[in-house]
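Undergrad: The following file, protein.txt, comprises compact mmCIF, N, CA and C atoms:
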# COMPACT_ATOMS: atom_id res chain seq x y z
N MET I 13 -24.55 12.91 25.42
CA MET I 13 -24.30 11.61 24.82
C MET I 13 -24.66 11.61 23.34
N ILE I 14 -25.75 12.31 22.99
CA ILE I 14 -26.17 12.37 21.58
C ILE I 14 -25.07 12.99 20.73
N ALA I 15 -24.44 14.03 21.23
CA ALA I 15 -23.40 14.71 20.46
C ALA I 15 -22.25 13.77 20.15
N TYR I 16 -21.81 12.98 21.13
CA TYR I 16 -20.71 12.05 20.90
C TYR I 16 -21.07 11.00 19.86
N SER I 17 -22.30 10.53 19.91
CA SER I 17 -22.74 9.56 18.91
C SER I 17 -22.74 10.17 17.52
N GLY I 18 -23.23 11.40 17.41
CA GLY I 18 -23.24 12.09 16.12
C GLY I 18 -21.84 12.29 15.58
N LEU I 19 -20.92 12.63 16.45
CA LEU I 19 -19.52 12.79 16.03
C LEU I 19 -18.94 11.47 15.56
N GLY I 20 -19.33 10.39 16.22
CA GLY I 20 -18.82 9.07 15.84
C GLY I 20 -19.27 8.68 14.44
N PHE I 21 -20.51 8.97 14.09
CA PHE I 21 -20.98 8.66 12.75
C PHE I 21 -20.24 9.49 11.70
N ARG I 22 -20.01 10.75 12.00
CA ARG I 22 -19.26 11.61 11.06
C ARG I 22 -17.84 11.10 10.90
N LYS I 23 -17.21 10.70 12.00
CA LYS I 23 -15.84 10.18 11.95
C LYS I 23 -15.79 8.88 11.15
N THR I 24 -16.82 8.07 11.27
CA THR I 24 -16.91 6.83 10.49
C THR I 24 -16.93 7.15 9.00
N LEU I 25 -17.71 8.16 8.63
CA LEU I 25 -17.76 8.58 7.23
C LEU I 25 -16.39 9.06 6.76
N GLU I 26 -15.74 9.88 7.56
CA GLU I 26 -14.41 10.37 7.19
C GLU I 26 -13.44 9.22 6.94
N PHE I 27 -13.42 8.27 7.84
CA PHE I 27 -12.53 7.12 7.70
C PHE I 27 -12.85 6.33 6.43
N ALA I 28 -14.14 6.08 6.20
CA ALA I 28 -14.55 5.31 5.02
C ALA I 28 -14.15 6.01 3.73
N LEU I 29 -14.33 7.33 3.68
CA LEU I 29 -14.00 8.05 2.45
C LEU I 29 -12.50 8.12 2.22
N LYS I 30 -11.71 8.08 3.28
CA LYS I 30 -10.26 8.05 3.12
C LYS I 30 -9.81 6.74 2.49
N LEU I 31 -10.62 5.68 2.62
CA LEU I 31 -10.31 4.42 1.94
C LEU I 31 -10.48 4.57 0.43
N LEU I 32 -11.37 5.48 0.01
CA LEU I 32 -11.60 5.72 -1.41
C LEU I 32 -10.67 6.78 -1.98
N ASP I 33 -10.24 7.73 -1.13
CA ASP I 33 -9.34 8.82 -1.55
C ASP I 33 -8.51 9.20 -0.35
N ASP I 34 -7.23 8.90 -0.39
CA ASP I 34 -6.39 9.10 0.78
C ASP I 34 -5.68 10.45 0.82
N ASN I 35 -6.15 11.42 0.06
CA ASN I 35 -5.57 12.76 0.09
C ASN I 35 -5.96 13.42 1.41
N THR I 36 -5.06 13.40 2.37
CA THR I 36 -5.37 13.88 3.72
C THR I 36 -5.35 15.39 3.84
N ASP I 37 -4.96 16.10 2.82
CA ASP I 37 -4.89 17.55 2.88
C ASP I 37 -6.26 18.22 2.76
N LYS I 38 -7.26 17.48 2.40
CA LYS I 38 -8.55 18.07 2.08
C LYS I 38 -9.57 17.81 3.18
N ASN I 39 -10.55 18.73 3.31
CA ASN I 39 -11.60 18.54 4.31
C ASN I 39 -12.67 17.62 3.75
N LEU I 40 -13.61 17.25 4.63
CA LEU I 40 -14.62 16.27 4.26
C LEU I 40 -15.52 16.76 3.13
N ASN I 41 -15.92 18.01 3.15
CA ASN I 41 -16.75 18.56 2.08
C ASN I 41 -16.04 18.42 0.73
N TRP I 42 -14.78 18.81 0.68
CA TRP I 42 -14.01 18.71 -0.57
C TRP I 42 -13.90 17.26 -1.02
N ARG I 43 -13.62 16.36 -0.07
CA ARG I 43 -13.43 14.95 -0.42
C ARG I 43 -14.71 14.36 -1.02
N ILE I 44 -15.86 14.65 -0.42
CA ILE I 44 -17.12 14.14 -0.94
C ILE I 44 -17.34 14.64 -2.37
N ASN I 45 -17.18 15.94 -2.58
CA ASN I 45 -17.39 16.51 -3.91
C ASN I 45 -16.42 15.92 -4.93
N ALA I 46 -15.16 15.73 -4.55
CA ALA I 46 -14.17 15.17 -5.46
C ALA I 46 -14.51 13.72 -5.82
N LEU I 47 -14.96 12.94 -4.84
CA LEU I 47 -15.31 11.54 -5.11
C LEU I 47 -16.49 11.44 -6.05
N VAL I 48 -17.46 12.33 -5.90
CA VAL I 48 -18.60 12.34 -6.82
C VAL I 48 -18.13 12.78 -8.22
N LYS I 49 -17.35 13.83 -8.27
CA LYS I 49 -16.85 14.35 -9.55
C LYS I 49 -16.03 13.31 -10.30
N ASN I 50 -15.23 12.53 -9.56
CA ASN I 50 -14.37 11.52 -10.18
C ASN I 50 -15.07 10.18 -10.39
N GLY I 51 -16.36 10.11 -10.08
CA GLY I 51 -17.13 8.89 -10.33
C GLY I 51 -16.91 7.77 -9.33
N LEU I 52 -16.25 8.06 -8.22
CA LEU I 52 -16.05 7.03 -7.20
C LEU I 52 -17.24 6.91 -6.27
N LEU I 53 -18.09 7.94 -6.24
CA LEU I 53 -19.37 7.91 -5.54
C LEU I 53 -20.43 8.42 -6.50
N VAL I 54 -21.58 7.76 -6.53
CA VAL I 54 -22.68 8.29 -7.33
C VAL I 54 -23.26 9.48 -6.57
N LYS I 55 -23.94 10.35 -7.28
CA LYS I 55 -24.44 11.59 -6.68
C LYS I 55 -25.32 11.33 -5.46
N SER I 56 -26.18 10.33 -5.53
CA SER I 56 -27.06 10.06 -4.38
C SER I 56 -26.26 9.67 -3.14
N MET I 57 -25.16 8.96 -3.30
CA MET I 57 -24.31 8.62 -2.16
C MET I 57 -23.54 9.85 -1.68
N GLY I 58 -23.21 10.73 -2.60
CA GLY I 58 -22.59 12.00 -2.22
C GLY I 58 -23.56 12.83 -1.39
N ASP I 59 -24.83 12.82 -1.79
CA ASP I 59 -25.86 13.53 -1.01
C ASP I 59 -26.00 12.92 0.38
N PHE I 60 -26.00 11.59 0.46
CA PHE I 60 -26.03 10.91 1.76
C PHE I 60 -24.84 11.37 2.61
N ALA I 61 -23.66 11.36 1.99
CA ALA I 61 -22.44 11.72 2.71
C ALA I 61 -22.51 13.17 3.21
N HIS I 62 -23.02 14.06 2.39
CA HIS I 62 -23.15 15.46 2.82
C HIS I 62 -24.14 15.59 3.99
N ARG I 63 -25.19 14.79 3.97
CA ARG I 63 -26.15 14.83 5.08
C ARG I 63 -25.49 14.34 6.37
N ILE I 64 -24.70 13.29 6.28
CA ILE I 64 -23.96 12.80 7.45
C ILE I 64 -23.00 13.87 7.94
N ARG I 65 -22.29 14.51 7.01
CA ARG I 65 -21.33 15.56 7.36
C ARG I 65 -22.04 16.71 8.08
N ALA I 66 -23.17 17.14 7.53
CA ALA I 66 -23.89 18.28 8.11
C ALA I 66 -24.45 17.95 9.50
N LEU I 67 -25.05 16.78 9.64
CA LEU I 67 -25.58 16.39 10.95
C LEU I 67 -24.45 16.18 11.95
N GLY I 68 -23.34 15.64 11.49
CA GLY I 68 -22.17 15.48 12.36
C GLY I 68 -21.65 16.83 12.84
N ASN I 69 -21.65 17.81 11.94
CA ASN I 69 -21.25 19.16 12.34
C ASN I 69 -22.20 19.73 13.39
N ASP I 70 -23.49 19.53 13.19
CA ASP I 70 -24.47 19.99 14.17
C ASP I 70 -24.24 19.34 15.53
N ALA I 71 -23.85 18.08 15.51
CA ALA I 71 -23.62 17.35 16.76
C ALA I 71 -22.46 17.95 17.55
N THR I 72 -21.49 18.52 16.87
CA THR I 72 -20.36 19.12 17.59
C THR I 72 -20.80 20.29 18.43
N HIS I 73 -21.93 20.87 18.11
CA HIS I 73 -22.45 22.03 18.84
C HIS I 73 -23.67 21.64 19.69
N ASP I 74 -23.83 20.34 19.94
CA ASP I 74 -24.97 19.82 20.70
C ASP I 74 -26.30 20.30 20.12
N ASP I 75 -26.34 20.46 18.81
CA ASP I 75 -27.52 20.97 18.14
C ASP I 75 -28.14 19.88 17.26
N ILE I 76 -28.41 18.72 17.87
CA ILE I 76 -28.95 17.59 17.11
C ILE I 76 -29.99 16.89 17.99
N SER I 77 -31.10 16.52 17.38
CA SER I 77 -32.16 15.85 18.12
C SER I 77 -31.97 14.34 18.05
N LEU I 78 -32.72 13.63 18.86
CA LEU I 78 -32.66 12.17 18.83
C LEU I 78 -33.13 11.64 17.47
N ASP I 79 -34.14 12.27 16.89
CA ASP I 79 -34.61 11.87 15.56
C ASP I 79 -33.51 12.07 14.51
N GLU I 80 -32.80 13.18 14.59
CA GLU I 80 -31.70 13.43 13.64
C GLU I 80 -30.57 12.44 13.86
N LEU I 81 -30.32 12.08 15.12
CA LEU I 81 -29.29 11.08 15.40
C LEU I 81 -29.67 9.73 14.79
N GLN I 82 -30.93 9.37 14.88
CA GLN I 82 -31.38 8.12 14.27
C GLN I 82 -31.26 8.19 12.74
N GLU I 83 -31.55 9.34 12.18
CA GLU I 83 -31.37 9.54 10.73
C GLU I 83 -29.89 9.40 10.37
N LEU I 84 -29.04 9.97 11.18
CA LEU I 84 -27.59 9.90 10.97
C LEU I 84 -27.12 8.46 11.01
N ARG I 85 -27.62 7.68 11.96
CA ARG I 85 -27.26 6.26 12.06
C ARG I 85 -27.70 5.52 10.81
N LEU I 86 -28.93 5.75 10.39
CA LEU I 86 -29.46 5.08 9.20
C LEU I 86 -28.67 5.47 7.96
N PHE I 87 -28.42 6.76 7.75
CA PHE I 87 -27.65 7.21 6.59
C PHE I 87 -26.26 6.59 6.58
N THR I 88 -25.62 6.57 7.73
CA THR I 88 -24.27 6.00 7.81
C THR I 88 -24.29 4.52 7.48
N GLN I 89 -25.25 3.80 8.04
CA GLN I 89 -25.38 2.37 7.77
C GLN I 89 -25.60 2.11 6.28
N LEU I 90 -26.54 2.84 5.68
CA LEU I 90 -26.83 2.66 4.26
C LEU I 90 -25.63 3.03 3.39
N PHE I 91 -24.96 4.11 3.76
CA PHE I 91 -23.79 4.53 2.99
C PHE I 91 -22.73 3.43 2.99
N LEU I 92 -22.43 2.88 4.15
CA LEU I 92 -21.40 1.84 4.25
C LEU I 92 -21.83 0.58 3.51
N GLN I 93 -23.09 0.20 3.61
CA GLN I 93 -23.57 -0.98 2.91
C GLN I 93 -23.47 -0.80 1.39
N TYR I 94 -23.91 0.33 0.90
CA TYR I 94 -23.91 0.58 -0.54
C TYR I 94 -22.49 0.71 -1.08
N THR I 95 -21.63 1.38 -0.33
CA THR I 95 -20.29 1.68 -0.83
C THR I 95 -19.32 0.52 -0.68
N PHE I 96 -19.45 -0.28 0.38
CA PHE I 96 -18.46 -1.32 0.65
C PHE I 96 -19.05 -2.73 0.68
N THR I 97 -20.16 -2.94 1.38
CA THR I 97 -20.68 -4.29 1.56
C THR I 97 -21.25 -4.87 0.27
N LEU I 98 -22.15 -4.15 -0.37
CA LEU I 98 -22.78 -4.68 -1.59
C LEU I 98 -21.77 -4.95 -2.70
N PRO I 99 -20.84 -4.06 -3.02
CA PRO I 99 -19.87 -4.38 -4.07
C PRO I 99 -19.02 -5.62 -3.72
N ALA I 100 -18.73 -5.83 -2.45
CA ALA I 100 -17.93 -6.99 -2.05
C ALA I 100 -18.70 -8.30 -2.19
N MET I 101 -20.01 -8.22 -2.29
CA MET I 101 -20.83 -9.43 -2.42
C MET I 101 -20.95 -9.91 -3.86
N ILE I 102 -20.55 -9.08 -4.80
CA ILE I 102 -20.65 -9.44 -6.21
C ILE I 102 -19.40 -10.22 -6.60
N PRO I 103 -19.58 -11.44 -7.08
CA PRO I 103 -18.41 -12.25 -7.45
C PRO I 103 -17.66 -11.62 -8.63
N VAL I 104 -16.35 -11.66 -8.54
CA VAL I 104 -15.50 -11.15 -9.60
C VAL I 104 -15.15 -12.33 -10.51
N LYS I 105 -15.36 -12.15 -11.80
CA LYS I 105 -15.07 -13.24 -12.75
C LYS I 105 -13.86 -12.93 -13.55
Please render this file's structure as structure tokens.

TA:
Amino acid sequence: MIAYSGLGFRKTLEFALKLLDDNTDKNLNWRINALVKNGLLVKSMGDFAHRIRALGNDATHDDISLDELQELRLFTQLFLQYTFTLPAMIPVK
């Protein structure tokens, strides 16, 4: 069950990043690096995204602990809040 949850968080990240860059020919590692390079993600969010990607990869091999799964949930939640929720709360003038 832990592995499926880990995969779900990674898939959530993939979907979210496709909203920022819809180039479907590229893998998740490339997409994260490109978004940081192009200024669409700040480096700290790129680091968060890479951590989600790495833990999600570990989950595919059932090589993830419950603590890592909780970290993955927290990173994914923070990533989505910072990238999508907080900017949407700022009024546009």

Undergrad: Please put the answer as JSON: centre and edge lengths, in Å with one decimal, of a box along x, y and z that encloses all listed atoms of region 40-57 of chain I plus 6 Å on each side.

TA:
{"center_x": -20.2, "center_y": 12.9, "center_z": -2.9, "size_x": 25.6, "size_y": 23.9, "size_z": 27.0}

Undergrad: CA of Thr24 (chain I) and CA of Thr88 (chain I) are how many Å apart?

TA: 7.9 Å

Undergrad: List as a PyMOL selection string the protein and nucleic acid residues near Gly68 (chain I), meaning an atom at most 6 Å away when all atoms listed in the file are counted, but skip any in the same chain fewer than 4 places from it.

TA: chain I and resi 18-19+22+63-64+72

Undergrad: Using only N, CA and C atoms, which of I:Leu67, I:Ala61, I:Val54, I:Met101 sits nearest Leu40 (chain I)?

TA: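 Of all the options, I:Ala61 lies closest to Leu40 (chain I).
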
Undergrad: Quick one: distance from atom N of Lys30 (chain I) to CA of Ile102 (chain I) in Å, one decimal?

TA: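 Going from atom N of Lys30 (chain I) over to CA of Ile102 (chain I), I get 21.8 Å.
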
Undergrad: What's the separation between CA of Gly58 (chain I) and CA of Leu31 (chain I), in Å to one decimal place?

TA: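 These atoms are spaced 15.0 Å apart.
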
Undergrad: Find the residue from I:Ser17, I:Gln93, I:Asn41, I:Ser56 that sits nearest to Leu78 (chain I); use only C-alpha atoms when measuring.

TA: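 Ranking I:Ser17, I:Gln93, I:Asn41, I:Ser56 by distance to Leu78 (chain I), first place goes to I:Ser17.
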
Undergrad: Counting only N, CA and C atoms, which of I:Leu47, I:Asp70, I:Ile76, I:Asp59 gets nearest to Leu32 (chain I)?

TA: I:Leu47

Undergrad: Taking only chain I into account, list the residues labelled alpha helix (DSSP H) by DSSP (computed from the backbone), as a short mmCIF file (atom, residue, chain, number, x, y, z; two decimals) with N, CA and C atoms, in the frame of the given file.

TA:
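Below is the file that was written, part-v5.cif:
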data_model
loop_
_atom_site.label_atom_id
_atom_site.label_comp_id
_atom_site.auth_asym_id
_atom_site.auth_seq_id
_atom_site.Cartn_x
_atom_site.Cartn_y
_atom_site.Cartn_z
N ILE I 14 -25.75 12.31 22.99
CA ILE I 14 -26.17 12.37 21.58
C ILE I 14 -25.07 12.99 20.73
N ALA I 15 -24.44 14.03 21.23
CA ALA I 15 -23.40 14.71 20.46
C ALA I 15 -22.25 13.77 20.15
N TYR I 16 -21.81 12.98 21.13
CA TYR I 16 -20.71 12.05 20.90
C TYR I 16 -21.07 11.00 19.86
N SER I 17 -22.30 10.53 19.91
CA SER I 17 -22.74 9.56 18.91
C SER I 17 -22.74 10.17 17.52
N GLY I 18 -23.23 11.40 17.41
CA GLY I 18 -23.24 12.09 16.12
C GLY I 18 -21.84 12.29 15.58
N LEU I 19 -20.92 12.63 16.45
CA LEU I 19 -19.52 12.79 16.03
C LEU I 19 -18.94 11.47 15.56
N GLY I 20 -19.33 10.39 16.22
CA GLY I 20 -18.82 9.07 15.84
C GLY I 20 -19.27 8.68 14.44
N PHE I 21 -20.51 8.97 14.09
CA PHE I 21 -20.98 8.66 12.75
C PHE I 21 -20.24 9.49 11.70
N ARG I 22 -20.01 10.75 12.00
CA ARG I 22 -19.26 11.61 11.06
C ARG I 22 -17.84 11.10 10.90
N LYS I 23 -17.21 10.70 12.00
CA LYS I 23 -15.84 10.18 11.95
C LYS I 23 -15.79 8.88 11.15
N THR I 24 -16.82 8.07 11.27
CA THR I 24 -16.91 6.83 10.49
C THR I 24 -16.93 7.15 9.00
N LEU I 25 -17.71 8.16 8.63
CA LEU I 25 -17.76 8.58 7.23
C LEU I 25 -16.39 9.06 6.76
N GLU I 26 -15.74 9.88 7.56
CA GLU I 26 -14.41 10.37 7.19
C GLU I 26 -13.44 9.22 6.94
N PHE I 27 -13.42 8.27 7.84
CA PHE I 27 -12.53 7.12 7.70
C PHE I 27 -12.85 6.33 6.43
N ALA I 28 -14.14 6.08 6.20
CA ALA I 28 -14.55 5.31 5.02
C ALA I 28 -14.15 6.01 3.73
N LEU I 29 -14.33 7.33 3.68
CA LEU I 29 -14.00 8.05 2.45
C LEU I 29 -12.50 8.12 2.22
N LYS I 30 -11.71 8.08 3.28
CA LYS I 30 -10.26 8.05 3.12
C LYS I 30 -9.81 6.74 2.49
N LEU I 31 -10.62 5.68 2.62
CA LEU I 31 -10.31 4.42 1.94
C LEU I 31 -10.48 4.57 0.43
N LEU I 32 -11.37 5.48 0.01
CA LEU I 32 -11.60 5.72 -1.41
C LEU I 32 -10.67 6.78 -1.98
N LEU I 40 -13.61 17.25 4.63
CA LEU I 40 -14.62 16.27 4.26
C LEU I 40 -15.52 16.76 3.13
N ASN I 41 -15.92 18.01 3.15
CA ASN I 41 -16.75 18.56 2.08
C ASN I 41 -16.04 18.42 0.73
N TRP I 42 -14.78 18.81 0.68
CA TRP I 42 -14.01 18.71 -0.57
C TRP I 42 -13.90 17.26 -1.02
N ARG I 43 -13.62 16.36 -0.07
CA ARG I 43 -13.43 14.95 -0.42
C ARG I 43 -14.71 14.36 -1.02
N ILE I 44 -15.86 14.65 -0.42
CA ILE I 44 -17.12 14.14 -0.94
C ILE I 44 -17.34 14.64 -2.37
N ASN I 45 -17.18 15.94 -2.58
CA ASN I 45 -17.39 16.51 -3.91
C ASN I 45 -16.42 15.92 -4.93
N ALA I 46 -15.16 15.73 -4.55
CA ALA I 46 -14.17 15.17 -5.46
C ALA I 46 -14.51 13.72 -5.82
N LEU I 47 -14.96 12.94 -4.84
CA LEU I 47 -15.31 11.54 -5.11
C LEU I 47 -16.49 11.44 -6.05
N VAL I 48 -17.46 12.33 -5.90
CA VAL I 48 -18.60 12.34 -6.82
C VAL I 48 -18.13 12.78 -8.22
N LYS I 49 -17.35 13.83 -8.27
CA LYS I 49 -16.85 14.35 -9.55
C LYS I 49 -16.03 13.31 -10.30
N LYS I 55 -23.94 10.35 -7.28
CA LYS I 55 -24.44 11.59 -6.68
C LYS I 55 -25.32 11.33 -5.46
N SER I 56 -26.18 10.33 -5.53
CA SER I 56 -27.06 10.06 -4.38
C SER I 56 -26.26 9.67 -3.14
N MET I 57 -25.16 8.96 -3.30
CA MET I 57 -24.31 8.62 -2.16
C MET I 57 -23.54 9.85 -1.68
N GLY I 58 -23.21 10.73 -2.60
CA GLY I 58 -22.59 12.00 -2.22
C GLY I 58 -23.56 12.83 -1.39
N ASP I 59 -24.83 12.82 -1.79
CA ASP I 59 -25.86 13.53 -1.01
C ASP I 59 -26.00 12.92 0.38
N PHE I 60 -26.00 11.59 0.46
CA PHE I 60 -26.03 10.91 1.76
C PHE I 60 -24.84 11.37 2.61
N ALA I 61 -23.66 11.36 1.99
CA ALA I 61 -22.44 11.72 2.71
C ALA I 61 -22.51 13.17 3.21
N HIS I 62 -23.02 14.06 2.39
CA HIS I 62 -23.15 15.46 2.82
C HIS I 62 -24.14 15.59 3.99
N ARG I 63 -25.19 14.79 3.97
CA ARG I 63 -26.15 14.83 5.08
C ARG I 63 -25.49 14.34 6.37
N ILE I 64 -24.70 13.29 6.28
CA ILE I 64 -23.96 12.80 7.45
C ILE I 64 -23.00 13.87 7.94
N ARG I 65 -22.29 14.51 7.01
CA ARG I 65 -21.33 15.56 7.36
C ARG I 65 -22.04 16.71 8.08
N ALA I 66 -23.17 17.14 7.53
CA ALA I 66 -23.89 18.28 8.11
C ALA I 66 -24.45 17.95 9.50
N LEU I 67 -25.05 16.78 9.64
CA LEU I 67 -25.58 16.39 10.95
C LEU I 67 -24.45 16.18 11.95
N GLY I 68 -23.34 15.64 11.49
CA GLY I 68 -22.17 15.48 12.36
C GLY I 68 -21.65 16.83 12.84
N ASN I 69 -21.65 17.81 11.94
CA ASN I 69 -21.25 19.16 12.34
C ASN I 69 -22.20 19.73 13.39
N ASP I 70 -23.49 19.53 13.19
CA ASP I 70 -24.47 19.99 14.17
C ASP I 70 -24.24 19.34 15.53
N ALA I 71 -23.85 18.08 15.51
CA ALA I 71 -23.62 17.35 16.76
C ALA I 71 -22.46 17.95 17.55
N THR I 72 -21.49 18.52 16.87
CA THR I 72 -20.36 19.12 17.59
C THR I 72 -20.80 20.29 18.43
N LEU I 78 -32.72 13.63 18.86
CA LEU I 78 -32.66 12.17 18.83
C LEU I 78 -33.13 11.64 17.47
N ASP I 79 -34.14 12.27 16.89
CA ASP I 79 -34.61 11.87 15.56
C ASP I 79 -33.51 12.07 14.51
N GLU I 80 -32.80 13.18 14.59
CA GLU I 80 -31.70 13.43 13.64
C GLU I 80 -30.57 12.44 13.86
N LEU I 81 -30.32 12.08 15.12
CA LEU I 81 -29.29 11.08 15.40
C LEU I 81 -29.67 9.73 14.79
N GLN I 82 -30.93 9.37 14.88
CA GLN I 82 -31.38 8.12 14.27
C GLN I 82 -31.26 8.19 12.74
N GLU I 83 -31.55 9.34 12.18
CA GLU I 83 -31.37 9.54 10.73
C GLU I 83 -29.89 9.40 10.37
N LEU I 84 -29.04 9.97 11.18
CA LEU I 84 -27.59 9.90 10.97
C LEU I 84 -27.12 8.46 11.01
N ARG I 85 -27.62 7.68 11.96
CA ARG I 85 -27.26 6.26 12.06
C ARG I 85 -27.70 5.52 10.81
N LEU I 86 -28.93 5.75 10.39
CA LEU I 86 -29.46 5.08 9.20
C LEU I 86 -28.67 5.47 7.96
N PHE I 87 -28.42 6.76 7.75
CA PHE I 87 -27.65 7.21 6.59
C PHE I 87 -26.26 6.59 6.58
N THR I 88 -25.62 6.57 7.73
CA THR I 88 -24.27 6.00 7.81
C THR I 88 -24.29 4.52 7.48
N GLN I 89 -25.25 3.80 8.04
CA GLN I 89 -25.38 2.37 7.77
C GLN I 89 -25.60 2.11 6.28
N LEU I 90 -26.54 2.84 5.68
CA LEU I 90 -26.83 2.66 4.26
C LEU I 90 -25.63 3.03 3.39
N PHE I 91 -24.96 4.11 3.76
CA PHE I 91 -23.79 4.53 2.99
C PHE I 91 -22.73 3.43 2.99
N LEU I 92 -22.43 2.88 4.15
CA LEU I 92 -21.40 1.84 4.25
C LEU I 92 -21.83 0.58 3.51
N LEU I 98 -22.15 -4.15 -0.37
CA LEU I 98 -22.78 -4.68 -1.59
C LEU I 98 -21.77 -4.95 -2.70
N PRO I 99 -20.84 -4.06 -3.02
CA PRO I 99 -19.87 -4.38 -4.07
C PRO I 99 -19.02 -5.62 -3.72
N ALA I 100 -18.73 -5.83 -2.45
CA ALA I 100 -17.93 -6.99 -2.05
C ALA I 100 -18.70 -8.30 -2.19
N MET I 101 -20.01 -8.22 -2.29
CA MET I 101 -20.83 -9.43 -2.42
C MET I 101 -20.95 -9.91 -3.86
#

Undergrad: Could you add all heavy atoms to region 70-76 of chain I and give me the result as a PDB file, in the coordinates of the input?

TA:
ATOM      1  N   ASP I  70     -23.490  19.530  13.190  1.00  0.00           N
ATOM      2  CA  ASP I  70     -24.470  19.990  14.170  1.00  0.00           C
ATOM      3  C   ASP I  70     -24.240  19.340  15.530  1.00  0.00           C
ATOM      4  O   ASP I  70     -24.380  19.976  16.572  1.00  0.00           O
ATOM      5  CB  ASP I  70     -25.899  19.703  13.702  1.00  0.00           C
ATOM      6  CG  ASP I  70     -26.321  20.556  12.520  1.00  0.00           C
ATOM      7  OD1 ASP I  70     -25.628  21.552  12.217  1.00  0.00           O
ATOM      8  OD2 ASP I  70     -27.341  20.219  11.881  1.00  0.00           O
ATOM      9  N   ALA I  71     -23.850  18.080  15.510  1.00  0.00           N
ATOM     10  CA  ALA I  71     -23.620  17.350  16.760  1.00  0.00           C
ATOM     11  C   ALA I  71     -22.460  17.950  17.550  1.00  0.00           C
ATOM     12  O   ALA I  71     -22.470  17.911  18.784  1.00  0.00           O
ATOM     13  CB  ALA I  71     -23.362  15.875  16.472  1.00  0.00           C
ATOM     14  N   THR I  72     -21.490  18.520  16.870  1.00  0.00           N
ATOM     15  CA  THR I  72     -20.360  19.120  17.590  1.00  0.00           C
ATOM     16  C   THR I  72     -20.800  20.290  18.430  1.00  0.00           C
ATOM     17  O   THR I  72     -20.122  20.656  19.391  1.00  0.00           O
ATOM     18  CB  THR I  72     -19.232  19.589  16.632  1.00  0.00           C
ATOM     19  OG1 THR I  72     -19.733  20.634  15.802  1.00  0.00           O
ATOM     20  CG2 THR I  72     -18.696  18.461  15.796  1.00  0.00           C
ATOM     21  N   HIS I  73     -21.930  20.870  18.110  1.00  0.00           N
ATOM     22  CA  HIS I  73     -22.450  22.030  18.840  1.00  0.00           C
ATOM     23  C   HIS I  73     -23.670  21.640  19.690  1.00  0.00           C
ATOM     24  O   HIS I  73     -24.435  22.512  20.085  1.00  0.00           O
ATOM     25  CB  HIS I  73     -22.827  23.144  17.858  1.00  0.00           C
ATOM     26  CG  HIS I  73     -21.702  23.547  16.974  1.00  0.00           C
ATOM     27  ND1 HIS I  73     -20.593  24.223  17.435  1.00  0.00           N
ATOM     28  CD2 HIS I  73     -21.485  23.337  15.651  1.00  0.00           C
ATOM     29  CE1 HIS I  73     -19.750  24.417  16.444  1.00  0.00           C
ATOM     30  NE2 HIS I  73     -20.263  23.894  15.346  1.00  0.00           N
ATOM     31  N   ASP I  74     -23.830  20.340  19.940  1.00  0.00           N
ATOM     32  CA  ASP I  74     -24.970  19.820  20.700  1.00  0.00           C
ATOM     33  C   ASP I  74     -26.300  20.300  20.120  1.00  0.00           C
ATOM     34  O   ASP I  74     -27.255  20.537  20.844  1.00  0.00           O
ATOM     35  CB  ASP I  74     -24.884  20.231  22.176  1.00  0.00           C
ATOM     36  CG  ASP I  74     -23.767  19.506  22.896  1.00  0.00           C
ATOM     37  OD1 ASP I  74     -23.518  18.333  22.567  1.00  0.00           O
ATOM     38  OD2 ASP I  74     -23.158  20.120  23.782  1.00  0.00           O
ATOM     39  N   ASP I  75     -26.340  20.460  18.810  1.00  0.00           N
ATOM     40  CA  ASP I  75     -27.520  20.970  18.140  1.00  0.00           C
ATOM     41  C   ASP I  75     -28.140  19.880  17.260  1.00  0.00           C
ATOM     42  O   ASP I  75     -28.333  20.071  16.068  1.00  0.00           O
ATOM     43  CB  ASP I  75     -27.152  22.206  17.312  1.00  0.00           C
ATOM     44  CG  ASP I  75     -28.368  22.959  16.819  1.00  0.00           C
ATOM     45  OD1 ASP I  75     -29.446  22.795  17.415  1.00  0.00           O
ATOM     46  OD2 ASP I  75     -28.237  23.699  15.827  1.00  0.00           O
ATOM     47  N   ILE I  76     -28.410  18.720  17.870  1.00  0.00           N
ATOM     48  CA  ILE I  76     -28.950  17.590  17.110  1.00  0.00           C
ATOM     49  C   ILE I  76     -29.990  16.890  17.990  1.00  0.00           C
ATOM     50  O   ILE I  76     -29.787  16.722  19.188  1.00  0.00           O
ATOM     51  CB  ILE I  76     -27.832  16.640  16.645  1.00  0.00           C
ATOM     52  CG1 ILE I  76     -28.342  15.573  15.703  1.00  0.00           C
ATOM     53  CG2 ILE I  76     -27.093  16.051  17.809  1.00  0.00           C
ATOM     54  CD1 ILE I  76     -27.253  14.748  15.051  1.00  0.00           C
TER      55      ILE I  76
END
